[in-house]
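A.B. asks: Structure in structure tokens, see below.
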There are 2 protein chains.
Amino acid sequence: MSRPPKARNKALLAYCELLRSDGERATTIDAVAARADISKGGVLYHFPSKEALAEAALEWFREECEHDLVTMAEAPEGPSRHYVRTSWTGGSELDTAYVAMLRLAQSSWQPAIDALEWVHAAWLDQIRSEVDDKFAAEAIMLIGEGLYAHSSMPGEWSRGTFARSIDQLLEQVDRLKD
Amino acid sequence: MSRPPKARNKALLAYCELLRSDGERATTIDAVAARADISKGGVLYHFPSKEALAEAALEWFREECEHDLVTMAEAPEGPSRHYVRTSWTGGSELDTAYVAMLRLAQSSWQPAIDALEWVHAAWLDQIRSEVDDKFAAEAIMLIGEGLYAHSSMPGEWSRGTFARSIDQLLEQVDRLKD
DNA sequence: GTCTATATGCTGATAGAC
DNA sequence: GTCTATCAGCATATAGAC
């Protein structure tokens with residue numbers, strides 16, 4: 001396992017964060033370079049094209065997913081609570097990569113669409129392994145998805161409304177589980 | 001009440017649909033003109049700038065929201081069920097305008113952020129008027145938001161998974177209401 | 001490995017014919 | 001009201017210095 005250059009990681013992280021905060025259109029190579037505090041040429045050395053940035057984000061996302069799926073399966077609180085709770089971390093590496101994938105999928109980038117379908121199916125499978133009722137499991141998953149949507153929404157309302165509700169929302173999840 | 005030119009409406013609808021299906025970056029004036037089957041000059045006659053298109057979408061969204069808030073308040077099934085059920089229509093006018101606003105908010109367009117915060121607060125208020133438990137109300141709203149997120153997701157998994165679950169998801173909503 | 005130019009193509013917007 | 005040119009600016013990508 002090689003030690004990837006620091007500038008490469010900084011650029012990749014800046015790319016994902018920009019997708020989240022400013023959207024695909026504003027996520028130019030110039031903006032990535034500025035946010036990562038390196039030059040445009042430096043970015044294009046590590047990622048020879050813009051699509052190479054997306055592909056690197058995809059690979060990072062897949063690694064974070066595989067790690068998360070293990071954690072989720074082993075979580076003492078159970079997969080449902082783990083899933084919903086981590087839908088509102090707003091800063092974990094999985095979270096950053098996931099929102100970047102959402103943005104890329106929304107711009108119809110097929111590899112992102114495929115990766116998201118795969119992990120959505122895997123997440124729902126794990127919830128269903130804990131929750132007998134098929135539709136209760138789907139409802140739990142949707143609560144998590146709703147939290148994701150709001151956690152990546154600009155503006156203060158979402159944060160102000162849901163940030164301090166997480167523990168009580170987990171109790172609602174418990175009610176659905178039975 | 002004037003009769004707006006047909007081309008104007010076609011362009012506005014094409015703009016919103018493109019935002020949903022292809023994302024902000026691909027939603028160029030050229031693409032809008034092609035989808036609406038008019039010329040670029042024709043689009044720019046009705047909307048002198050690209051932001052004018054966004055502003056028209058915003059106005060349309062507000063009108064649809066005000067209509068929906070009345071319908072929601074009067075819905076015989078109650079606001080919660082109405083809200084969750086209409087989160088998966090995938091083709092209503094509110095739906096089209098709402099997803100366009102989500103995309104514009106995700107690209108940090110402040111008027112879209114403000115409009116979404118306003119309507120989210122209004123929707124949650126109505127759900128809370130029906131559901132005593134504050135957090136049950138939030139959970140219900142999040143189920144609807146999750147459905148929205150999945151209904152505007154490209155790819156088949158979301159549609160295949162949730163499309164035929166709506167009735168049973170509404171039963172989960174009923175469970176949370178009590 | 002990182003930088004500063006520079007080339008090429010696309011996007012938003014204008015002018016003016018019909 | 002709608003069209004066809006056309007321009008100016010920006011984004012991606014390349015070349016080559018250090």
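By convention here, the chains of the structure tokens are called A, B, ... in the order presented, each chain's residues are numbered starting at 1, and ligands are numbered starting at 1 in the order presented.
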List the spatial neighbours of Gln110 (chain A) as a short mmCIF file (atom, residue, chain, number, x, y, z; two decimals) with C-alpha atoms, in the first residue's frame - criterion: any atom at most 12 Å away, only C-alpha atoms (C1' of nucleotides), same-chain residues fewer than 2 positions off excluded.
C.D. replies:
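This is the output file out-v3.cif:
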```cif
data_model
loop_
_atom_site.label_atom_id
_atom_site.label_comp_id
_atom_site.auth_asym_id
_atom_site.auth_seq_id
_atom_site.Cartn_x
_atom_site.Cartn_y
_atom_site.Cartn_z
CA ALA A 54 -15.14 11.63 -9.89
CA GLU A 55 -13.68 8.15 -10.26
CA LEU A 58 -16.26 6.76 -6.32
CA MET A 101 -22.05 10.50 -4.95
CA LEU A 102 -25.60 11.82 -4.59
CA ARG A 103 -24.64 14.96 -6.46
CA LEU A 104 -22.90 12.99 -9.20
CA ALA A 105 -25.87 10.65 -9.52
CA GLN A 106 -28.19 13.64 -9.77
CA SER A 107 -26.18 14.76 -12.75
CA SER A 108 -26.80 11.35 -14.29
CA ALA A 112 -22.51 6.91 -9.18
CA ILE A 113 -26.05 5.73 -9.83
CA ASP A 114 -24.91 2.10 -9.84
CA ALA A 115 -22.84 2.48 -6.67
CA LEU A 116 -25.73 4.14 -4.82
CA GLU A 117 -28.20 1.47 -5.88
CA ASP B 22 -29.63 15.95 -15.78
CA MET B 153 -32.95 9.52 -8.07
CA PRO B 154 -31.94 8.21 -11.49
CA GLY B 155 -31.86 4.45 -11.86
CA GLU B 156 -34.45 1.77 -11.31
#
```
A.B. asks: Go through chain C residue by residue and, counting only C-alpha atoms (C1' of nucleotides), keep those with an atom at most 9 Å from chain A; for each kept residue give the shortest atom pair and its distance in Å to one decimal, ordered by chain and increasing number, as JSON lines.
C.D. replies:
```
{"residue": "C:DG1", "atom": "C1'", "partner": "A:Gly42", "partner_atom": "CA", "distance": 7.6}
{"residue": "C:DT2", "atom": "C1'", "partner": "A:Gly42", "partner_atom": "CA", "distance": 5.4}
{"residue": "C:DC3", "atom": "C1'", "partner": "A:Gly41", "partner_atom": "CA", "distance": 6.7}
{"residue": "C:DT4", "atom": "C1'", "partner": "A:Gly41", "partner_atom": "CA", "distance": 8.5}
```
A.B. asks: Next, dump the selected residues to file, keeping only all heavy atoms, as a PDB file, in the first residue's frame.
C.D. replies:
```pdb
ATOM      1  P    DG C   1       5.315  11.585  -6.761  1.00  0.00           P
ATOM      2  OP1  DG C   1       4.535  10.712  -5.981  1.00  0.00           O
ATOM      3  OP2  DG C   1       5.233  11.611  -8.233  1.00  0.00           O
ATOM      4  O5'  DG C   1       5.150  13.078  -6.204  1.00  0.00           O
ATOM      5  C5'  DG C   1       5.982  14.013  -6.882  1.00  0.00           C
ATOM      6  C4'  DG C   1       5.717  15.351  -6.293  1.00  0.00           C
ATOM      7  O4'  DG C   1       6.401  16.351  -7.079  1.00  0.00           O
ATOM      8  C3'  DG C   1       4.259  15.800  -6.357  1.00  0.00           C
ATOM      9  O3'  DG C   1       4.125  16.854  -5.407  1.00  0.00           O
ATOM     10  C2'  DG C   1       4.152  16.284  -7.793  1.00  0.00           C
ATOM     11  C1'  DG C   1       5.495  16.981  -7.971  1.00  0.00           C
ATOM     12  N9   DG C   1       6.090  16.888  -9.321  1.00  0.00           N
ATOM     13  C8   DG C   1       5.987  15.890 -10.234  1.00  0.00           C
ATOM     14  N7   DG C   1       6.638  16.139 -11.350  1.00  0.00           N
ATOM     15  C5   DG C   1       7.224  17.393 -11.136  1.00  0.00           C
ATOM     16  C6   DG C   1       8.049  18.191 -11.977  1.00  0.00           C
ATOM     17  O6   DG C   1       8.445  17.936 -13.119  1.00  0.00           O
ATOM     18  N1   DG C   1       8.406  19.387 -11.358  1.00  0.00           N
ATOM     19  C2   DG C   1       8.028  19.748 -10.098  1.00  0.00           C
ATOM     20  N2   DG C   1       8.468  20.919  -9.672  1.00  0.00           N
ATOM     21  N3   DG C   1       7.257  19.008  -9.305  1.00  0.00           N
ATOM     22  C4   DG C   1       6.891  17.860  -9.892  1.00  0.00           C
ATOM     23  P    DT C   2       2.713  17.513  -5.042  1.00  0.00           P
ATOM     24  OP1  DT C   2       2.684  17.724  -3.589  1.00  0.00           O
ATOM     25  OP2  DT C   2       1.678  16.681  -5.676  1.00  0.00           O
ATOM     26  O5'  DT C   2       2.721  18.946  -5.710  1.00  0.00           O
ATOM     27  C5'  DT C   2       3.700  19.898  -5.290  1.00  0.00           C
ATOM     28  C4'  DT C   2       3.861  20.984  -6.316  1.00  0.00           C
ATOM     29  O4'  DT C   2       4.435  20.458  -7.522  1.00  0.00           O
ATOM     30  C3'  DT C   2       2.554  21.651  -6.765  1.00  0.00           C
ATOM     31  O3'  DT C   2       2.441  22.935  -6.172  1.00  0.00           O
ATOM     32  C2'  DT C   2       2.679  21.733  -8.296  1.00  0.00           C
ATOM     33  C1'  DT C   2       4.128  21.374  -8.539  1.00  0.00           C
ATOM     34  N1   DT C   2       4.376  20.733  -9.851  1.00  0.00           N
ATOM     35  C2   DT C   2       5.150  21.382 -10.774  1.00  0.00           C
ATOM     36  O2   DT C   2       5.666  22.460 -10.571  1.00  0.00           O
ATOM     37  N3   DT C   2       5.315  20.714 -11.971  1.00  0.00           N
ATOM     38  C4   DT C   2       4.767  19.490 -12.311  1.00  0.00           C
ATOM     39  O4   DT C   2       4.978  18.993 -13.418  1.00  0.00           O
ATOM     40  C5   DT C   2       3.959  18.865 -11.309  1.00  0.00           C
ATOM     41  C7   DT C   2       3.321  17.546 -11.580  1.00  0.00           C
ATOM     42  C6   DT C   2       3.801  19.499 -10.126  1.00  0.00           C
ATOM     43  P    DC C   3       1.278  23.924  -6.624  1.00  0.00           P
ATOM     44  OP1  DC C   3       1.048  24.841  -5.487  1.00  0.00           O
ATOM     45  OP2  DC C   3       0.166  23.122  -7.160  1.00  0.00           O
ATOM     46  O5'  DC C   3       1.930  24.748  -7.817  1.00  0.00           O
ATOM     47  C5'  DC C   3       2.959  25.703  -7.530  1.00  0.00           C
ATOM     48  C4'  DC C   3       3.591  26.202  -8.816  1.00  0.00           C
ATOM     49  O4'  DC C   3       3.993  25.068  -9.610  1.00  0.00           O
ATOM     50  C3'  DC C   3       2.651  26.984  -9.725  1.00  0.00           C
ATOM     51  O3'  DC C   3       2.683  28.360  -9.390  1.00  0.00           O
ATOM     52  C2'  DC C   3       3.251  26.744 -11.104  1.00  0.00           C
ATOM     53  C1'  DC C   3       3.994  25.429 -10.975  1.00  0.00           C
ATOM     54  N1   DC C   3       3.392  24.303 -11.748  1.00  0.00           N
ATOM     55  C2   DC C   3       3.749  24.120 -13.092  1.00  0.00           C
ATOM     56  O2   DC C   3       4.555  24.908 -13.607  1.00  0.00           O
ATOM     57  N3   DC C   3       3.208  23.095 -13.782  1.00  0.00           N
ATOM     58  C4   DC C   3       2.342  22.256 -13.189  1.00  0.00           C
ATOM     59  N4   DC C   3       1.852  21.251 -13.908  1.00  0.00           N
ATOM     60  C5   DC C   3       1.960  22.430 -11.823  1.00  0.00           C
ATOM     61  C6   DC C   3       2.491  23.459 -11.153  1.00  0.00           C
ATOM     62  P    DT C   4       1.590  29.327 -10.108  1.00  0.00           P
ATOM     63  OP1  DT C   4       1.546  30.568  -9.306  1.00  0.00           O
ATOM     64  OP2  DT C   4       0.359  28.549 -10.319  1.00  0.00           O
ATOM     65  O5'  DT C   4       2.192  29.641 -11.552  1.00  0.00           O
ATOM     66  C5'  DT C   4       3.539  30.092 -11.712  1.00  0.00           C
ATOM     67  C4'  DT C   4       3.823  30.295 -13.194  1.00  0.00           C
ATOM     68  O4'  DT C   4       3.742  29.023 -13.890  1.00  0.00           O
ATOM     69  C3'  DT C   4       2.838  31.222 -13.903  1.00  0.00           C
ATOM     70  O3'  DT C   4       3.559  32.006 -14.859  1.00  0.00           O
ATOM     71  C2'  DT C   4       1.877  30.261 -14.571  1.00  0.00           C
ATOM     72  C1'  DT C   4       2.794  29.101 -14.930  1.00  0.00           C
ATOM     73  N1   DT C   4       2.118  27.780 -15.017  1.00  0.00           N
ATOM     74  C2   DT C   4       2.261  27.005 -16.149  1.00  0.00           C
ATOM     75  O2   DT C   4       2.909  27.344 -17.108  1.00  0.00           O
ATOM     76  N3   DT C   4       1.598  25.802 -16.108  1.00  0.00           N
ATOM     77  C4   DT C   4       0.829  25.307 -15.063  1.00  0.00           C
ATOM     78  O4   DT C   4       0.285  24.215 -15.142  1.00  0.00           O
ATOM     79  C5   DT C   4       0.727  26.172 -13.919  1.00  0.00           C
ATOM     80  C7   DT C   4      -0.082  25.734 -12.738  1.00  0.00           C
ATOM     81  C6   DT C   4       1.365  27.353 -13.935  1.00  0.00           C
TER      82       DT C   4
END
```
A.B. asks: Quick one: which chain A residues come within 10 Å of chain D, and what is the nearest atom pair for each with the distance in Å to one decimal, counting only C-alpha atoms (C1' of nucleotides), rows ordered by chain and ascending number, as JSON lines?
C.D. replies:
```
{"residue": "A:Thr28", "atom": "CA", "partner": "D:DA11", "partner_atom": "C1'", "distance": 7.1}
{"residue": "A:Ile29", "atom": "CA", "partner": "D:DA11", "partner_atom": "C1'", "distance": 8.0}
{"residue": "A:Asp30", "atom": "CA", "partner": "D:DA11", "partner_atom": "C1'", "distance": 8.4}
{"residue": "A:Gly41", "atom": "CA", "partner": "D:DA13", "partner_atom": "C1'", "distance": 9.9}
{"residue": "A:Leu44", "atom": "CA", "partner": "D:DA13", "partner_atom": "C1'", "distance": 8.4}
{"residue": "A:Pro48", "atom": "CA", "partner": "D:DA13", "partner_atom": "C1'", "distance": 8.3}
{"residue": "A:Ser49", "atom": "CA", "partner": "D:DA13", "partner_atom": "C1'", "distance": 7.4}
{"residue": "A:Lys50", "atom": "CA", "partner": "D:DT12", "partner_atom": "C1'", "distance": 7.9}
```
A.B. asks: Could those residues be written to a file, using all heavy atoms, as a CSV table (one decimal), in the first residue's frame?
C.D. replies:
```csv
chain,number,residue,atom,x,y,z
A,28,THR,N,-15.5,23.5,-10.1
A,28,THR,CA,-14.6,23.6,-11.2
A,28,THR,C,-13.2,23.2,-10.7
A,28,THR,O,-12.9,23.1,-9.5
A,28,THR,CB,-14.5,25.0,-11.8
A,28,THR,OG1,-14.0,25.9,-10.8
A,28,THR,CG2,-15.9,25.4,-12.2
A,29,ILE,N,-12.3,22.9,-11.6
A,29,ILE,CA,-10.9,22.5,-11.2
A,29,ILE,C,-10.3,23.7,-10.5
A,29,ILE,O,-9.5,23.5,-9.5
A,29,ILE,CB,-10.1,22.0,-12.4
A,29,ILE,CG1,-10.8,20.8,-13.0
A,29,ILE,CG2,-8.7,21.8,-12.1
A,29,ILE,CD1,-10.2,20.2,-14.2
A,30,ASP,N,-10.5,24.9,-11.0
A,30,ASP,CA,-10.0,26.1,-10.3
A,30,ASP,C,-10.5,26.1,-8.9
A,30,ASP,O,-9.7,26.4,-8.0
A,30,ASP,CB,-10.6,27.3,-11.0
A,30,ASP,CG,-9.6,27.9,-12.0
A,30,ASP,OD1,-8.4,28.0,-11.6
A,30,ASP,OD2,-9.9,28.3,-13.1
A,41,GLY,N,-2.6,23.3,-11.9
A,41,GLY,CA,-1.7,22.3,-12.5
A,41,GLY,C,-1.4,21.1,-11.5
A,41,GLY,O,-1.3,20.0,-11.9
A,44,LEU,N,-4.3,18.8,-11.7
A,44,LEU,CA,-4.4,18.0,-12.9
A,44,LEU,C,-3.2,17.1,-13.1
A,44,LEU,O,-3.2,16.2,-14.0
A,44,LEU,CB,-4.4,19.0,-14.1
A,44,LEU,CG,-5.8,19.6,-14.3
A,44,LEU,CD1,-5.8,20.8,-15.2
A,44,LEU,CD2,-6.8,18.5,-14.9
A,48,PRO,N,-5.8,13.5,-14.1
A,48,PRO,CA,-5.5,14.0,-15.4
A,48,PRO,C,-6.8,14.5,-16.1
A,48,PRO,O,-6.7,15.3,-17.1
A,48,PRO,CB,-5.0,12.8,-16.2
A,48,PRO,CG,-5.3,11.6,-15.3
A,48,PRO,CD,-5.4,12.1,-13.9
A,49,SER,N,-7.9,14.2,-15.6
A,49,SER,CA,-9.1,14.8,-16.1
A,49,SER,C,-10.1,15.0,-15.0
A,49,SER,O,-9.9,14.5,-13.9
A,49,SER,CB,-9.8,13.9,-17.2
A,49,SER,OG,-10.4,12.8,-16.6
A,50,LYS,N,-11.2,15.7,-15.3
A,50,LYS,CA,-12.2,16.0,-14.2
A,50,LYS,C,-12.9,14.7,-13.9
A,50,LYS,O,-13.2,14.4,-12.7
A,50,LYS,CB,-13.2,17.0,-14.7
A,50,LYS,CG,-13.7,17.8,-13.5
A,50,LYS,CD,-14.8,18.7,-13.9
A,50,LYS,CE,-15.3,19.4,-12.6
A,50,LYS,NZ,-16.6,20.0,-12.9
```
A.B. asks: Could you give me the residues within region 20-172 of chain B that DSSP places in helix (DSSP H, G or I), as a PyMOL selection string?
C.D. replies: chain B and resi 20-22+29-36+40-46+50-74+79-86+93-106+110-130+134-151+157-172
A.B. asks: Give me, as number ranges by chain, the contact residues of chain A against chain B at a cut-off of 9 Å, counting only C-alpha atoms.
C.D. replies: A: 19-26, 102-110, 113-114, 117-118, 120-121, 135-136, 138-150, 152-158, 161-162, 165, 168-169, 171-173, 175-176
A.B. asks: Rounded to one decimal, what separation in Å do you get between CA of Lys10 (chain A) and CA of Met72 (chain A)?
C.D. replies: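 Interatomic distance, CA of Lys10 (chain A) to CA of Met72 (chain A): 27.8 Å.
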A.B. asks: Do you have the CA of Asp178 (chain A)-CA of His82 (chain A) distance handy?
C.D. replies: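 These atoms are spaced 16.6 Å apart.
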A.B. asks: Could you state the separation of CA of Gln126 (chain A) and CA of Glu66 (chain A) in Å, given to one decimal place?
C.D. replies: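 So the answer is 13.0 Å.
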